[in-house]
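So the structure is just underneath, and the comments pick up after that.
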Amino acid sequence: MEDLGKSFPAAEGMVEAEEGAKPKHTNEFCLNCGTKLEDLYCHHCGQKDIPRRRTMGELIENFIGSFYSFESKFFRTVRFILLKPGFLPLEYTSGKRESYYHPARAYVFISFVFFLLFFSLPDGEEETEKPMSKADTEEFNKGMEQMRKGLYQAGLESAVVDSIYQASVQDSTEVDLVYSLGNDKPTIKKKQNPNSINFSDIEYKTFEEYDSVQNTLAEEERDGWFTRLFSRRAIELKARYKEDDSGKRFAEDFMSSFSSQFSTVLFYLLPVFALLFKLLYVRRDFYYSEHLVFAIFYYNFFYLAASVYLLMSFIPYVGGIINFMISLWMIAYLPIAMKKMYKQSWRKTIFKFVLFSFAFMLCLGIGTGISAMIILFNL
């Protein structure tokens, strides 16, 4: 937060401009590093020449002035990030940096806000947990009664009908009535929810049982080290989630851990993002650090646009239209920024954008796969 300490209150700046005089020194030497002062700021450490002790009024005045300066610089930077692709990376690489908020600091703040919204805002599942209205309840009961009558007419016993009813209202399963050959009565078949894992499918219950079966096989028929590693982990998870027949609790725990780790994956891919651009524009006169600045600014845009998208999802009618426009802008933003930053023809820019998208998605898939395996072995 060094920028906050380098700002003037608005009133102080206006008075000094009208007087046309150089501000007087409060101290002869810098209170921070002891260097002899030549101006309002120390040329050695940058600290402002302020009195050693501050009154409450002066403290409030400086706080308001610092906030005003931060707000002005930050929101001006945000506006350029959202609406002018490639503008801020060019400004930064040309040396114009003090007028805008530092890209790395902006990244920390903006990404924090995005993931705060991502984990705090309610999702669509909460709507399904709300109680049904009276009319919906009556309609549901009528449908269930019709289903019961049909099952009774098919010759099923009341206990079987009740079991079908119980299975049909659960979230994790669906029910099929299967007629087998030679049997005029249907049998119940439950289909597993694709979003859950059925631990009952795991054949072995203990390591000893698994090892004993492996020892009975010929050497060439035994599981390799990779399969053996996952099989033993599956046995551990089955013991841990032994009461979770549908696998729903495991899926929830896994997705919760994965969501929290996804930000880490994106962060570690930031230098990969810059490296891909270095390879794509190897003949252009750009340092790797300048490609990295371009990547940070794009990450800032992505998190900003995604945050607005999350907020717009809760606005009826208009929110859907705005989110559609945001989605289109998120797709078009990067090639426009590439065109402005690297100054190549649209044909070359689009071609390199496609190459970059393929390569980065491949890296993202590898990163998420590694992250998923790490989570799987740490649950």
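Following the order of the structure tokens, chains are lettered A, B, ..., residues in each are numbered from 1, and ligands are numbered from 1.
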Inset, instruction - Would you list the contacts of stretch 273-280 of chain A as a ChimeraX atom specification, taking every protein, DNA or RNA residue within 7 Å and counting only C-alpha atoms, but skipping same-chain residues closer than 2 positions in sequence? - result: /A:269-271,282,288,291-292,295,352,356,360
Output of the above residues as a compact mmCIF listing (two decimals), in the first residue's frame, restricted to C-alpha atoms:
```txt
# COMPACT_ATOMS: atom_id res chain seq x y z
CA LEU A 269 -0.14 -21.23 -15.31
CA LEU A 270 0.49 -17.47 -15.41
CA PRO A 271 4.21 -17.83 -16.35
CA VAL A 282 9.93 -14.87 -30.67
CA TYR A 288 9.73 -12.26 -21.34
CA HIS A 291 4.85 -10.84 -22.02
CA LEU A 292 4.32 -11.57 -18.32
CA ALA A 295 -0.56 -11.98 -19.13
CA LYS A 352 -1.60 -17.20 -33.22
CA PHE A 356 -2.26 -20.18 -28.12
CA PHE A 360 -2.99 -23.16 -23.12
```
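Nearest to A:Leu121 of all the residues A:Leu311, A:Leu83, A:Leu376, A:Leu229 is A:Leu311, counting only C-alpha atoms.
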